[in-house]
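Listing of structure.cif; format and content: mmCIF, C-alpha atoms.
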data_coords
#
loop_
_atom_site.group_PDB
_atom_site.id
_atom_site.type_symbol
_atom_site.label_atom_id
_atom_site.label_comp_id
_atom_site.auth_asym_id
_atom_site.auth_seq_id
_atom_site.Cartn_x
_atom_site.Cartn_y
_atom_site.Cartn_z
ATOM 1 C CA TYR A 39 -14.940 -2.123 -2.720
ATOM 2 C CA THR A 40 -14.615 -5.885 -2.874
ATOM 3 C CA LEU A 41 -18.068 -6.286 -4.420
ATOM 4 C CA ALA A 42 -17.686 -3.225 -6.643
ATOM 5 C CA THR A 43 -14.546 -4.685 -8.224
ATOM 6 C CA GLY A 44 -16.112 -8.083 -8.884
ATOM 7 C CA ALA A 45 -14.735 -9.884 -5.813
ATOM 8 C CA GLY A 46 -11.761 -11.423 -7.582
ATOM 9 C CA GLU A 47 -9.677 -13.888 -5.601
ATOM 10 C CA SER A 48 -6.878 -11.462 -4.748
ATOM 11 C CA ILE A 49 -9.375 -8.754 -3.716
ATOM 12 C CA VAL A 50 -11.246 -11.224 -1.505
ATOM 13 C CA ARG A 51 -7.918 -12.218 0.057
ATOM 14 C CA ALA A 52 -7.151 -8.566 0.799
ATOM 15 C CA PHE A 53 -10.651 -8.045 2.227
ATOM 16 C CA LEU A 54 -10.327 -11.103 4.472
ATOM 17 C CA PHE A 55 -6.892 -9.950 5.666
ATOM 18 C CA ILE A 56 -8.237 -6.546 6.638
ATOM 19 C CA LEU A 57 -11.376 -8.005 8.210
ATOM 20 C CA LEU A 58 -9.544 -10.652 10.242
ATOM 21 C CA ASN A 59 -6.854 -8.215 11.344
ATOM 22 C CA GLU A 60 -9.367 -5.607 12.472
ATOM 23 C CA VAL A 61 -11.560 -8.160 14.269
ATOM 24 C CA ALA A 62 -8.470 -9.482 16.059
ATOM 25 C CA LYS A 63 -7.506 -5.949 17.121
ATOM 26 C CA LEU A 64 -11.021 -5.132 18.326
ATOM 27 C CA THR A 65 -11.212 -8.355 20.339
ATOM 28 C CA HIS A 66 -7.648 -7.970 21.658
ATOM 29 C CA ARG A 67 -6.516 -11.232 20.092
ATOM 30 C CA ARG A 68 -3.196 -12.125 18.529
ATOM 31 C CA HIS A 69 -3.063 -11.031 14.942
ATOM 32 C CA GLU A 70 0.146 -12.285 13.442
ATOM 33 C CA LEU A 71 0.456 -12.326 9.676
ATOM 34 C CA LYS A 72 0.939 -16.109 9.507
ATOM 35 C CA GLN A 73 -2.290 -16.835 11.381
ATOM 36 C CA ILE A 74 -4.256 -14.287 9.358
ATOM 37 C CA LEU A 75 -2.865 -15.741 6.126
ATOM 38 C CA LEU A 76 -3.931 -19.267 7.021
ATOM 39 C CA ALA A 77 -7.327 -18.206 8.415
ATOM 40 C CA ALA A 78 -8.103 -16.130 5.318
ATOM 41 C CA MET A 79 -7.104 -19.013 3.058
ATOM 42 C CA ILE A 80 -9.299 -21.482 4.964
ATOM 43 C CA ILE A 81 -12.278 -19.099 4.861
ATOM 44 C CA GLN A 82 -11.838 -18.326 1.177
ATOM 45 C CA LEU A 83 -11.433 -21.978 0.204
ATOM 46 C CA THR A 84 -14.428 -22.947 2.338
ATOM 47 C CA ILE A 85 -16.579 -20.410 0.514
ATOM 48 C CA SER A 86 -15.099 -21.108 -2.926
ATOM 49 C CA PRO A 87 -13.011 -24.302 -3.106
ATOM 50 C CA LEU A 88 -12.340 -23.953 -6.841
ATOM 51 C CA SER A 89 -10.639 -20.591 -6.336
ATOM 52 C CA ILE A 90 -7.486 -22.550 -5.539
ATOM 53 C CA ARG A 91 -7.148 -23.116 -9.307
ATOM 54 C CA SER A 92 -7.051 -19.383 -10.006
ATOM 55 C CA ALA A 93 -3.697 -17.788 -10.807
ATOM 56 C CA SER A 94 -4.725 -14.638 -8.920
ATOM 57 C CA PHE A 95 -5.546 -16.690 -5.804
ATOM 58 C CA GLN A 96 -2.248 -18.546 -5.995
ATOM 59 C CA LEU A 97 -0.171 -15.435 -6.693
ATOM 60 C CA SER A 98 -1.886 -13.396 -3.987
ATOM 61 C CA TYR A 99 -1.441 -16.017 -1.286
ATOM 62 C CA ALA A 100 2.073 -16.861 -2.477
ATOM 63 C CA ALA A 101 3.082 -13.202 -2.171
ATOM 64 C CA MET A 102 1.661 -13.014 1.335
ATOM 65 C CA ALA A 103 3.332 -16.309 2.259
ATOM 66 C CA GLY A 104 6.634 -14.836 1.130
ATOM 67 C CA ILE A 105 6.082 -11.808 3.326
ATOM 68 C CA ALA A 106 4.936 -13.890 6.308
ATOM 69 C CA PHE A 107 7.443 -16.727 6.191
ATOM 70 C CA ILE A 108 10.504 -15.586 4.194
ATOM 71 C CA ASN A 109 10.680 -11.836 4.814
ATOM 72 C CA PRO A 110 11.491 -12.087 8.550
ATOM 73 C CA TRP A 111 14.510 -14.227 7.682
ATOM 74 C CA ILE A 112 15.672 -11.813 4.934
ATOM 75 C CA GLN A 113 15.070 -8.825 7.251
ATOM 76 C CA SER A 114 17.423 -10.422 9.770
ATOM 77 C CA PHE A 115 20.373 -9.786 7.468
ATOM 78 C CA TRP A 116 20.171 -6.077 8.394
ATOM 79 C CA PRO A 117 21.453 -5.447 11.915
ATOM 80 C CA GLN A 118 18.680 -4.530 14.350
ATOM 81 C CA GLU A 119 18.647 -0.850 15.205
ATOM 82 C CA LYS A 120 16.926 0.863 18.076
ATOM 83 C CA GLY A 121 14.991 4.021 17.462
ATOM 84 C CA HIS A 122 14.610 5.793 14.125
ATOM 85 C CA LYS A 123 15.197 3.831 10.923
ATOM 86 C CA ASN A 124 17.461 5.588 8.470
ATOM 87 C CA LEU A 125 16.923 5.749 4.701
ATOM 88 C CA PRO A 126 19.199 2.793 3.836
ATOM 89 C CA HIS A 127 17.291 0.651 6.345
ATOM 90 C CA LYS A 128 13.934 1.684 4.864
ATOM 91 C CA ILE A 129 15.249 0.850 1.388
ATOM 92 C CA TRP A 130 16.393 -2.550 2.697
ATOM 93 C CA GLU A 131 12.950 -3.225 4.181
ATOM 94 C CA THR A 132 11.255 -2.459 0.851
ATOM 95 C CA ALA A 133 13.787 -4.526 -1.088
ATOM 96 C CA SER A 134 13.471 -7.468 1.296
ATOM 97 C CA VAL A 135 9.685 -7.532 0.896
ATOM 98 C CA SER A 136 10.143 -7.482 -2.882
ATOM 99 C CA ILE A 137 12.653 -10.322 -2.741
ATOM 100 C CA SER A 138 10.418 -12.352 -0.412
ATOM 101 C CA CYS A 139 7.445 -11.974 -2.734
ATOM 102 C CA GLN A 140 9.462 -12.843 -5.816
ATOM 103 C CA LEU A 141 10.826 -15.994 -4.225
ATOM 104 C CA THR A 142 7.285 -17.287 -3.771
ATOM 105 C CA THR A 143 5.529 -15.778 -6.803
ATOM 106 C CA GLY A 144 8.363 -16.131 -9.308
ATOM 107 C CA PRO A 145 7.847 -19.828 -10.003
ATOM 108 C CA LEU A 146 4.099 -19.257 -10.429
ATOM 109 C CA ALA A 147 4.704 -16.294 -12.741
ATOM 110 C CA TRP A 148 6.986 -18.466 -14.830
ATOM 111 C CA TYR A 149 4.453 -21.309 -14.876
ATOM 112 C CA TYR A 150 1.499 -19.136 -15.890
ATOM 113 C CA PHE A 151 3.118 -16.397 -17.961
ATOM 114 C CA LYS A 152 6.488 -17.845 -19.048
ATOM 115 C CA SER A 153 8.230 -14.763 -17.720
ATOM 116 C CA PHE A 154 9.977 -13.614 -14.584
ATOM 117 C CA PRO A 155 10.108 -9.939 -13.588
ATOM 118 C CA THR A 156 13.761 -8.959 -13.423
ATOM 119 C CA ASN A 157 13.355 -5.342 -12.353
ATOM 120 C CA PHE A 158 11.068 -6.008 -9.391
ATOM 121 C CA ILE A 159 13.328 -4.414 -6.766
ATOM 122 C CA LEU A 160 13.811 -1.193 -8.723
ATOM 123 C CA THR A 161 10.114 -1.065 -9.611
ATOM 124 C CA ASN A 162 9.043 -1.482 -5.985
ATOM 125 C CA LEU A 163 11.609 0.996 -4.665
ATOM 126 C CA ILE A 164 9.984 3.605 -6.878
ATOM 127 C CA ALA A 165 6.339 2.483 -6.841
ATOM 128 C CA ILE A 166 5.857 1.818 -3.123
ATOM 129 C CA PRO A 167 6.798 5.299 -1.861
ATOM 130 C CA LEU A 168 4.873 7.006 -4.667
ATOM 131 C CA VAL A 169 1.746 4.901 -4.104
ATOM 132 C CA GLY A 170 2.199 5.571 -0.375
ATOM 133 C CA LEU A 171 1.702 9.245 -1.210
ATOM 134 C CA ILE A 172 -0.888 8.884 -3.979
ATOM 135 C CA ILE A 173 -3.413 6.821 -2.000
ATOM 136 C CA PRO A 174 -3.704 9.021 1.126
ATOM 137 C CA LEU A 175 -3.665 12.211 -0.928
ATOM 138 C CA SER A 176 -6.399 10.796 -3.176
ATOM 139 C CA ILE A 177 -8.516 9.869 -0.158
ATOM 140 C CA LEU A 178 -8.012 13.376 1.209
ATOM 141 C CA ALA A 179 -9.036 14.857 -2.144
ATOM 142 C CA ILE A 180 -12.200 12.720 -2.231
ATOM 143 C CA ILE A 181 -13.112 13.752 1.315
ATOM 144 C CA LEU A 182 -12.464 17.414 0.570
ATOM 145 C CA GLN A 183 -14.420 17.157 -2.674
ATOM 146 C CA GLY A 184 -17.357 15.772 -0.666
ATOM 147 C CA THR A 185 -17.285 18.862 1.526
ATOM 148 C CA GLY A 186 -17.073 21.121 -1.509
ATOM 149 C CA ILE A 187 -13.520 22.326 -0.836
ATOM 150 C CA CYS A 188 -10.947 20.472 -2.872
ATOM 151 C CA PRO A 189 -7.903 22.623 -3.563
ATOM 152 C CA GLU A 190 -6.748 22.499 -7.171
ATOM 153 C CA LEU A 191 -3.169 22.348 -5.915
ATOM 154 C CA LEU A 192 -3.893 18.982 -4.249
ATOM 155 C CA VAL A 193 -5.419 17.538 -7.426
ATOM 156 C CA THR A 194 -2.473 18.834 -9.454
ATOM 157 C CA ALA A 195 -0.019 17.256 -6.998
ATOM 158 C CA ILE A 196 -1.800 13.892 -7.220
ATOM 159 C CA GLU A 197 -1.838 14.047 -11.008
ATOM 160 C CA GLY A 198 1.881 14.862 -10.988
ATOM 161 C CA LEU A 199 2.642 11.902 -8.708
ATOM 162 C CA VAL A 200 0.599 9.543 -10.890
ATOM 163 C CA THR A 201 2.369 10.843 -13.995
ATOM 164 C CA LEU A 202 5.756 10.364 -12.298
ATOM 165 C CA LEU A 203 4.807 6.824 -11.281
ATOM 166 C CA THR A 204 3.582 5.933 -14.775
ATOM 167 C CA ALA A 205 6.619 7.429 -16.484
ATOM 168 C CA SER A 206 8.999 5.670 -14.055
ATOM 169 C CA LEU A 207 7.368 2.305 -14.636
ATOM 170 C CA GLU A 208 7.373 2.802 -18.407
ATOM 171 C CA ILE A 209 11.105 3.586 -18.323
ATOM 172 C CA ILE A 210 11.815 0.518 -16.191
ATOM 173 C CA ALA A 211 9.651 -1.666 -18.466
ATOM 174 C CA ALA A 212 11.701 -0.511 -21.458
ATOM 175 C CA ILE A 213 14.962 -1.639 -19.847
#
Please express what this file holds, its structure, as structure tokens.
Amino acid sequence: YTLATGAGESIVRAFLFILLNEVAKLTHRRHELKQILLAAMIIQLTISPLSIRSASFQLSYAAMAGIAFINPWIQSFWPQEKGHKNLPHKIWETASVSISCQLTTGPLAWYYFKSFPTNFILTNLIAIPLVGLIIPLSILAIILQGTGICPELLVTAIEGLVTLLTASLEIIAAI
């Protein structure tokens, strides 16, 4: 996938994150987000030092830095609960990730694009759960299609979810 999409800086970062995380799991090593972030950055900059000048590199790593370094602190504002997380807690977790990312990417977005996304929390509260359904259902549809049995109902459901996502984001963008 990384090569098929042109190996852009943010895609390479994602590939390195997955690779390093999986290698750490397979070798029973610590795989904390902070260490993976720094290791991926060192590897990527070693291979391509000039990528540090790329807005996509900077935004991608800034977003992950927000999640790794700021999100745990923001998460701590919600009292720790044992057992099942209720809906308000899940909403808080999604919102806190959004806030963490915006704190680190916002200044870069302003620098490069002279804009700051103001509806990021609302957008992510809608997009993340929908994408969380769209991606696995799409993978299932591809697998079933490969076996020759892809139910039309599944394809219709995926199309409906994508339409809902697109329409939601268009409405939010118009605000």
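Polymer residues near (7.8, -9.6, -11.0): counting all atoms listed in the file with a cut-off of 12 Å, they are Leu97, Ala101, Ser136, Ile137, Ser138, Cys139, Gln140, Leu141, Thr142, Thr143, Gly144, Pro145, Leu146, Ala147, Trp148, Phe151, Lys152, Ser153, Phe154, Pro155, Thr156, Asn157, Phe158, Ile159, Leu160, Thr161, Asn162 and Ala211 of chain A.
Between A:Ala103 and the residues A:Leu64, A:Ala179, A:Leu75, A:Ile187, the shortest atom-to-atom distance, using all atoms listed in the file, involves A:Leu75.
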Can you list, as a short mmCIF file (atom, residue, chain, number, x, y, z; two decimals) with C-alpha atoms, in the coordinates of the input, every protein, DNA or RNA residue that comes within 7 Å of stretch 44-59 of chain A when you count only C-alpha atoms, leaving out same-chain residues fewer than 3 positions away?
data_model
loop_
_atom_site.label_atom_id
_atom_site.label_comp_id
_atom_site.auth_asym_id
_atom_site.auth_seq_id
_atom_site.Cartn_x
_atom_site.Cartn_y
_atom_site.Cartn_z
CA THR A 40 -14.62 -5.88 -2.87
CA LEU A 41 -18.07 -6.29 -4.42
CA ALA A 62 -8.47 -9.48 16.06
CA LYS A 63 -7.51 -5.95 17.12
CA HIS A 69 -3.06 -11.03 14.94
CA ILE A 74 -4.26 -14.29 9.36
CA ALA A 78 -8.10 -16.13 5.32
CA SER A 89 -10.64 -20.59 -6.34
CA SER A 94 -4.72 -14.64 -8.92
CA PHE A 95 -5.55 -16.69 -5.80
CA SER A 98 -1.89 -13.40 -3.99
#
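Among A:Ile173, A:Ile80, A:Gln73, A:Ile112, the residue with the shortest atom-to-atom distance to A:Glu197, counting all atoms listed in the file, is A:Ile173.
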What's the separation between atom CA of A:Val200 and atom CA of A:Ile172, in Å to one decimal place? 7.1 Å
Using all atoms listed in the file for the distances, tell me which of A:Ile210, A:Ala77, A:Ala195, A:Ile108 is nearest to A:Ser176. A:Ala195
